[in-house]
Amino acid sequence: MKSRFGRRSAIVTAAIATALVISGCSSVNDSASEGSGDCGSYAIAMHAWGGYTASAQVLAEVAKQELGCTITQTTLEEGPVTYDAMEAGTIDVIIEDWGGGRWKDWSDRGAVVEAGENGNIGIIGMYVAPWMVEKYPDITDSKNLNKYASLFKTADSGGKGAWFEGPTGYTTIGEKMVSANKLNFKVIFSGSEAALVDGFIKAEANKTPFIGYAWQPWTLHSKLPTLEAARVKFPANDWSDPAAASGLTDYPSTPLIKLISKKLNDANDPFTSLVKNFKWTNADQNGVAADLEGGMSAEEAAKKWIAANAETVASWTGK
Amino acid sequence: MKVRKSYLLLASVTIWILLGRFLNGKHTLQIATYENTAFTSYVGEKALDLRGNRTESPAFVYFFNPIRGVIDGFVQAIRNLISVPTPNSVIPIIGWLGVVGIVAFAVYATSQWRTALLCVSLLLACGALGMWQFTMDSIAMTLAAVLLSLAVGIPLGIWAGLSDRVLKIFTPFLDLAQILPTLVYMAPIALVFMIGAASATIATMIYSIPIAIRITSHAIRSLNQAPVEAAESMGSTQKQKLTKVQIPMAKQMIVLGINQTVMAAVSFVVIAALIGAPGLGKPVIEALIIRNVGQGFVAGFAVVFLAILLDRSTSAAAKRQVSFVPATDKQIKTKRITLIVGGILAVVSVILSRTMLWAAVWPKEVTIAPQVAKVTNNITAWILENLTIFTVGFKDLISYGFLNPLETQLAASPWYVTVAMIVALALIIAGTRTAIMAFVLSMAIVLSGLWYEAMLTLTQTIVGCLLTMIIGLALGIWSGRSDRAEKVMRPFLDAGQTLPAFVYLVPMLGLFGPTRFTAIATGIVYAIPVVVKIVSEGIRAVPHALVEAATAAGSTTRQIITKVQLPAAKKTILLATNQGLIYVLAVVVIGGFVGAGGLGYLVIAGNSKPELQGKGLIAGVAILLLGVIFDRIMQAGARRSS
């Protein structure tokens with residue numbers, strides 16, 4: 001019996017070995033490479049919010065179509081995770097970064113290089129469910145929030161109003177805002193974009209009170225068109241660094257930044273200049289993001305925008 | 001003795017509640033999330049230094065970075081084989097048809113055609129879900145982690161199998177590794193090995209090596225000693241004894257260990273994506289972030305399929321039936337011919353997958369992903385629309401009835417009251433040694449500055465564990481008493497154990513909103529299968545004679561359960577509770593993603609905010625300490641109760 005199994009495993013090994021040897025030989029696919037000579041092979045970080053996906057996909061399609069680059073798109077969390085990946089050489093581009101200078105440690109070391117603004121302006125704030133504005137018109141003034149605090153009570157908010165803070169990694173100063181303005185609210189860390197979307201959509205549908213962190217450009221605005229009017233206004237901002245924020249004031253609006261790896265910066269090839277020249281508006285991004293939201297694939301949505309905006313694309317590629 | 005113990009417990013809990021009421025809100029050690037203590041900011045600075053040193057310091061240049069390079073290269077080589085295009089090519093070395101051919105042939109050769117058919121259908125299903133490349137990436141990652149784990153784990157396991165001293169040194173580490181929630185050690189690993197395949201592989205190995213060690217050493221230890229002694233008496237050297245007798249005899253069980261190691265690695269597929277593992281975890285986590293339940297389930301199903309595939313193909317090899325009737329010449333010949341034909345077919349499929357595009361790249365047209373996503377989306381939407389009233393009501397009931405009072409008791413009491421009570425409980429339940437350990441570890445959490453958050457997490461864990469035990473006991477008793485119930489539940493329990501918690505975190509979010517209860521509910525779903533399995537086994541292990549005697553004496557079913565089966569299975573039930581607690585803790589911390597706060601949120605925040613990095617790392621350690629405290633108390637309690 002032993003010899004039988006021995007023979008059998010010998011056959012198995014031989015067959016698998018043959019398969020592997022054959023696969024080692026050259027064949028059709030080796031010649032079918034995509035890239036053309038002057039543009040190399042790069043990786044774009046894909047952060048998982050709709051707006052980012054829109055920008056990154058358009059960049060990727062332009063690079064592939066117009067420059068013949070080989071592009072990989074890697075999904076990973078924003079912030080240090082991605083900066084580390086850039087330092088390790090596995091990521092080359094962040095097309096939209098919101099964090100005011102949090103990459104400083106990496107850029108000081110030369111691992112990450114700032115590549116200018118991408119044209120989008122980020123607006124952050126605290127928003128109430130849109131239906132509330134009609135019913136309580138003065139609620140969008142931060143001074144009146146306490147008047148309505150009891151409306152926002154939940155099982156989790158310890159007798160105060162529930163204040164749904166932004167996802168991890170986003171610039172958030174909710175705790176400071178609550179304490180500096182003496183608001184009768186408890187900060188609940190939603191932890192993810194999903195949690196906020198869920199909160200706003202449900203609150204609007206069921207006409208339940210909700211106050212949460214939201215931003216522009218964001219695809220939620222296409223689902224709740226009146227959301228922007230539901231922003232609670234705090235006194236104008238006086239800070240750019242979250243650590244220095246007093247909490248009395250609102251979030252500043254931020255020009256969004258492009259970051260590239262040292263490798264891409266040094267390469268100085270057509271993709272480098274494409275990334276450096278990439279610039280578009282909030283309306284551009286929201287348009288593509290809305291297509292995505294409507295069920296179009298990222299590739300299709302990007303190609304549609306590229307076809308309609310040949311001039312802008314030409315100004316990026318210099319062709 | 002027993003009565004006194006329960007009186008003592010009651011008395012201390014009463015004192016605790018009174019003290020908590022009286023001193024409510026004082027000395028809670030609560031600090032704002034953005035604030036650091038001196039300790040956490042020190043750790044944060046060290047971590048930043050470490051990042052900065054990664055290109056220069058000798059420890060990195062000569063040790064960590066080479067390790068990272070080698071593992072990265074290893075993973076990349078396997079990925080090039082089956083998943084990603086090699087440089088200068090658009091397809092991997094072996095296309096999908098080739099992979100299917102090789103898997104079919106290898107499984108057929110090591111077990112039966114039925115298993116081979118199952119494995120092929122599962123692979124094709126992953127492809128049809130639109131997840132071919134992600135699945136191949138996950139297989140590559142699993143393969144790399146398993147091979148490396150076995151290379152480390154089997155030798156260490158053999159060593160621990162032969163030497164009592166070595167086993168004694170290993171045991172605490174093996175125990176610790178089983179308690180360690182996976183979310184905890186990913187940040188430190190990523191800090192040293194950076195985000196990417198290497199970190200993910202190492203994190204997976206930390207999880208799977210202990211299992212390989214445990215089962216291998218157990219395999220060596222549980223051998224029939226007669227042949228070993230015979231070999232000794234015939235004058236075999238130590239080496240001969242090991243290689244000619246012990247290892248061959250233990251082979252079957254070591255293969256089982258391989259199976260368990262593979263399963264451990266697969267269960268890591270999703271969470272490893274948080275630190276850059278390529279594979280099925282990516283679409284799952286993406287689905288969480290953009291809240292696409294359908295997409296999450298599509299990828300989640302692929303994870304389950306992959307787990308079943310790897311389980312069946314490796315366990316089939318371990319359980320291979322060796323017939324006592326020797327095969328006839330004709331049977332041997334038939335098998336050999338089918339093997340040769342199968343081998344040729346496999347080779348042909350590989351050649352095709354290298355020459356024909358349709359056999360190389362999974363055809364996009366062949367997909368059921370949109371349908372699956374639509375169906376799961378519709379089901380979830382229906383549930384959300386129709387059941388939210390109940391779920392929200394239930395959530396509020398649990399929140400007001402249990403969570404809030406317990407949170408007030410644990411977190412809003414002064415820290416010294418809560419610490420004293422934990423120590424007192426440990427003393428009563430588990431004895432002096434455990435009480436001292438509980439005191440030291442609790443004080444470590446206090447000194448770390450994260451006591452308040454730790455108590456929030458503990459509250460959620462306790463409530464989650466209670467609910468898990470209520471449901472788990474009921475289902476476990478049912479499945480322990482009825483073969484049919486066991487048979488019906490089995491596939492659900494198996495699927496529940498492999499379906500990644502992230503997949504149902506999103507629907508839970510829909511049902512319960514961004515709240516603590518969402519985390520708890522997710523933890524319950526994750527912990528129930530293991531609790532049900534342990535309880536059911538415990539009930540089954542109760543001697544038949546006992547049950548029959550009670551039946552003969554005219555006991556009702558209820559009496560049999562409460563007076564005979566439950567008391568006889570008490571120890572198992574305590575162990576199930578312990579497992580439940582550890583499982584709930586491991587998932588409750590993921591609840592940081594959905595508004596549950598606590599230590600889990602700090603870990604996640606530390607990953608994305610540089611200024612909170614130290615706090616996040618310490619939060620991870622605090623989760624581990626909490627786990628150790630309660631694991632030790634319950635284990636010692638279970639030992640004493642028997």
# chains A, B, ... in the order shown; residues from 1 in each chain; ligands from 1
$ interface_residues --of "chain B" --to "chain A" --cutoff "6 Å" --atoms "only C-alpha atoms" --output "list in words"
Asn88, Ser89, Val90, Ile195, Ile289, Ile290, Arg291, Gly343, Val347, Thr355, Asp396, Ser399, Pro514, Gly592, Phe593, Val594, Gly595, Gly597, Ala605, Ser608 and Lys609 of chain B
$ residues_around --residues "Leu227 of chain A" --least-positions-apart "6" --cutoff "9 Å" --atoms "only C-alpha atoms" --output "PyMOL selection string"
chain A and resi 127-130+220-221
$ residues_around --residues "Ala298 of chain A" --least-positions-apart "3" --cutoff "9 Å" --atoms "only C-alpha atoms" --output "list of chain:residue names"
A:Thr53, A:Ala54, A:Gln57, A:Val58, A:Val288, A:Ala289, A:Asp291, A:Leu292, A:Gly295, A:Ala301, A:Ala302, A:Lys303
$ write_last_selection --atoms "C-alpha atoms" --output "compact mmCIF listing (two decimals), in the first residue's frame"
# COMPACT_ATOMS: atom_id res chain seq x y z
CA THR A 53 -12.75 57.95 -6.21
CA ALA A 54 -13.94 60.40 -8.87
CA GLN A 57 -10.30 57.46 -11.46
CA VAL A 58 -10.16 60.40 -13.85
CA VAL A 288 -18.40 62.37 -11.66
CA ALA A 289 -19.22 61.33 -8.10
CA ASP A 291 -22.53 59.33 -11.84
CA LEU A 292 -20.78 56.85 -9.57
CA GLY A 295 -24.52 53.11 -10.45
CA ALA A 301 -17.90 57.74 -15.24
CA ALA A 302 -14.31 58.91 -15.62
CA LYS A 303 -14.28 58.27 -19.37
$ select_by_dssp --residues "segment 69-148 of chain A" --states "alpha helix (DSSP H)" --output "ChimeraX atom specification"
/A:80-88,104-108,131-135,145-148
$ write_last_selection --atoms "C-alpha atoms" --output "PDB file, in the first residue's frame"
ATOM      1  CA  PRO A  80      -0.234  57.984   7.955  1.00  0.00           C
ATOM      2  CA  VAL A  81      -1.088  54.581   6.525  1.00  0.00           C
ATOM      3  CA  THR A  82      -0.773  55.972   3.035  1.00  0.00           C
ATOM      4  CA  TYR A  83       2.236  58.180   3.790  1.00  0.00           C
ATOM      5  CA  ASP A  84       3.993  55.067   5.065  1.00  0.00           C
ATOM      6  CA  ALA A  85       3.098  53.237   1.907  1.00  0.00           C
ATOM      7  CA  MET A  86       4.547  56.143  -0.109  1.00  0.00           C
ATOM      8  CA  GLU A  87       7.725  55.935   1.901  1.00  0.00           C
ATOM      9  CA  ALA A  88       7.852  52.184   1.363  1.00  0.00           C
ATOM     10  CA  LYS A 104       4.860  67.089   7.669  1.00  0.00           C
ATOM     11  CA  ASP A 105       6.996  64.372   9.297  1.00  0.00           C
ATOM     12  CA  TRP A 106       7.116  62.497   6.026  1.00  0.00           C
ATOM     13  CA  SER A 107       7.757  65.529   3.838  1.00  0.00           C
ATOM     14  CA  ASP A 108      10.538  66.656   6.192  1.00  0.00           C
ATOM     15  CA  TRP A 131     -36.025  69.011   7.575  1.00  0.00           C
ATOM     16  CA  MET A 132     -35.162  70.667  10.891  1.00  0.00           C
ATOM     17  CA  VAL A 133     -34.246  73.967   9.219  1.00  0.00           C
ATOM     18  CA  GLU A 134     -37.807  74.460   8.059  1.00  0.00           C
ATOM     19  CA  LYS A 135     -39.279  73.635  11.425  1.00  0.00           C
ATOM     20  CA  LEU A 145     -28.194  74.927  19.673  1.00  0.00           C
ATOM     21  CA  ASN A 146     -28.667  74.528  23.410  1.00  0.00           C
ATOM     22  CA  LYS A 147     -32.300  75.515  23.064  1.00  0.00           C
ATOM     23  CA  TYR A 148     -32.848  72.396  20.981  1.00  0.00           C
TER      24      TYR A 148
END
$ atom_distance --atom1 "atom CA of Gly496 of chain B" --atom2 "atom CA of Thr518 of chain B"
17.2 Å
$ atom_distance --atom1 "atom CA of Asn206 of chain A" --atom2 "atom CA of Glu293 of chain A"
22.2 Å
$ residues_around --residues "Phe301 of chain B" --least-positions-apart "3" --cutoff "10 Å" --atoms "only C-alpha atoms" --output "PyMOL selection string"
chain B and resi 125-126+129+131+280+295-298+304-307+372+495+498-500+503
$ select_by_dssp --residues "segment 44-194 of chain A" --states "strand (DSSP E)" --output "count of residues only"
45
$ residues_around --residues "Ser199 of chain B" --least-positions-apart "6" --cutoff "8 Å" --atoms "only C-alpha atoms" --output "PDB file with N, CA and C atoms, in the first residue's frame"
ATOM      1  N   ARG B  68      11.244  42.255   5.886  1.00  0.00           N
ATOM      2  CA  ARG B  68      10.127  42.762   5.094  1.00  0.00           C
ATOM      3  C   ARG B  68      10.358  42.475   3.613  1.00  0.00           C
ATOM      4  N   MET B 186      -1.992  44.917  15.034  1.00  0.00           N
ATOM      5  CA  MET B 186      -1.693  45.307  13.664  1.00  0.00           C
ATOM      6  C   MET B 186      -0.942  46.623  13.589  1.00  0.00           C
ATOM      7  N   ILE B 189       2.782  46.231  14.351  1.00  0.00           N
ATOM      8  CA  ILE B 189       3.466  45.526  13.262  1.00  0.00           C
ATOM      9  C   ILE B 189       3.653  46.438  12.064  1.00  0.00           C
ATOM     10  N   ALA B 190       2.578  47.184  11.765  1.00  0.00           N
ATOM     11  CA  ALA B 190       2.680  48.087  10.624  1.00  0.00           C
ATOM     12  C   ALA B 190       3.723  49.167  10.878  1.00  0.00           C
ATOM     13  N   PHE B 193       7.046  47.088  10.166  1.00  0.00           N
ATOM     14  CA  PHE B 193       7.212  46.507   8.834  1.00  0.00           C
ATOM     15  C   PHE B 193       6.472  47.285   7.753  1.00  0.00           C
ATOM     16  N   ILE B 275      -4.193  46.634   7.050  1.00  0.00           N
ATOM     17  CA  ILE B 275      -2.781  47.017   6.958  1.00  0.00           C
ATOM     18  C   ILE B 275      -2.200  46.614   5.612  1.00  0.00           C
ATOM     19  N   GLY B 276      -3.044  46.679   4.601  1.00  0.00           N
ATOM     20  CA  GLY B 276      -2.511  46.619   3.250  1.00  0.00           C
ATOM     21  C   GLY B 276      -2.399  45.246   2.628  1.00  0.00           C
ATOM     22  N   ALA B 277      -3.096  44.245   3.167  1.00  0.00           N
ATOM     23  CA  ALA B 277      -3.051  42.942   2.523  1.00  0.00           C
ATOM     24  C   ALA B 277      -3.871  42.995   1.250  1.00  0.00           C
TER      25      ALA B 277
END
$ residues_around --residues "Leu147 of chain B" --least-positions-apart "2" --cutoff "12 Å" --atoms "only C-alpha atoms" --output "ChimeraX atom specification"
/B:71,74-75,78,139-145,149-154,201-202,204-205,208-209,212,258-259,261-262,265
$ write_last_selection --atoms "C-alpha atoms" --output "PDB file, in the first residue's frame"
ATOM      1  CA  ILE B  71       8.428  38.253   2.825  1.00  0.00           C
ATOM      2  CA  PHE B  74       7.755  35.738  -1.381  1.00  0.00           C
ATOM      3  CA  VAL B  75       4.177  36.986  -1.448  1.00  0.00           C
ATOM      4  CA  ILE B  78       3.052  33.676  -5.410  1.00  0.00           C
ATOM      5  CA  ILE B 139      -5.037  32.493  -1.650  1.00  0.00           C
ATOM      6  CA  ALA B 140      -1.555  33.829  -2.284  1.00  0.00           C
ATOM      7  CA  MET B 141      -1.504  35.674   1.048  1.00  0.00           C
ATOM      8  CA  THR B 142      -2.869  32.639   2.892  1.00  0.00           C
ATOM      9  CA  LEU B 143      -0.428  30.312   1.192  1.00  0.00           C
ATOM     10  CA  ALA B 144       2.531  32.529   2.050  1.00  0.00           C
ATOM     11  CA  ALA B 145       1.456  32.957   5.676  1.00  0.00           C
ATOM     12  CA  SER B 149       3.858  29.589   9.854  1.00  0.00           C
ATOM     13  CA  LEU B 150       4.425  25.890   9.341  1.00  0.00           C
ATOM     14  CA  ALA B 151       8.122  26.402   8.750  1.00  0.00           C
ATOM     15  CA  VAL B 152       8.280  28.039  12.176  1.00  0.00           C
ATOM     16  CA  GLY B 153       5.439  26.258  13.965  1.00  0.00           C
ATOM     17  CA  ILE B 154       6.073  22.592  13.214  1.00  0.00           C
ATOM     18  CA  THR B 201       1.659  38.199   6.461  1.00  0.00           C
ATOM     19  CA  ILE B 202       3.443  38.653   9.762  1.00  0.00           C
ATOM     20  CA  THR B 204      -1.428  36.500  10.125  1.00  0.00           C
ATOM     21  CA  MET B 205       1.512  34.391  11.278  1.00  0.00           C
ATOM     22  CA  SER B 208      -1.641  31.046  13.127  1.00  0.00           C
ATOM     23  CA  ILE B 209       1.782  29.949  14.446  1.00  0.00           C
ATOM     24  CA  ALA B 212       0.527  25.019  14.518  1.00  0.00           C
ATOM     25  CA  ILE B 258      -1.984  22.259   8.897  1.00  0.00           C
ATOM     26  CA  ASN B 259      -5.703  22.401   8.269  1.00  0.00           C
ATOM     27  CA  THR B 261      -3.365  26.736  10.570  1.00  0.00           C
ATOM     28  CA  VAL B 262      -4.878  27.344   7.153  1.00  0.00           C
ATOM     29  CA  ALA B 265      -4.891  32.323   8.264  1.00  0.00           C
TER      30      ALA B 265
END
$ closest_residue --among "B:Tyr452, B:Ser536, B:Leu256, B:Pro567" --to "Met489 of chain B" --atoms "only C-alpha atoms"
B:Ser536
$ closest_residue --among "B:Ala576, B:Ile520, B:Val506, B:Ala200" --to "Gly538 of chain B" --atoms "only C-alpha atoms"
B:Ala576
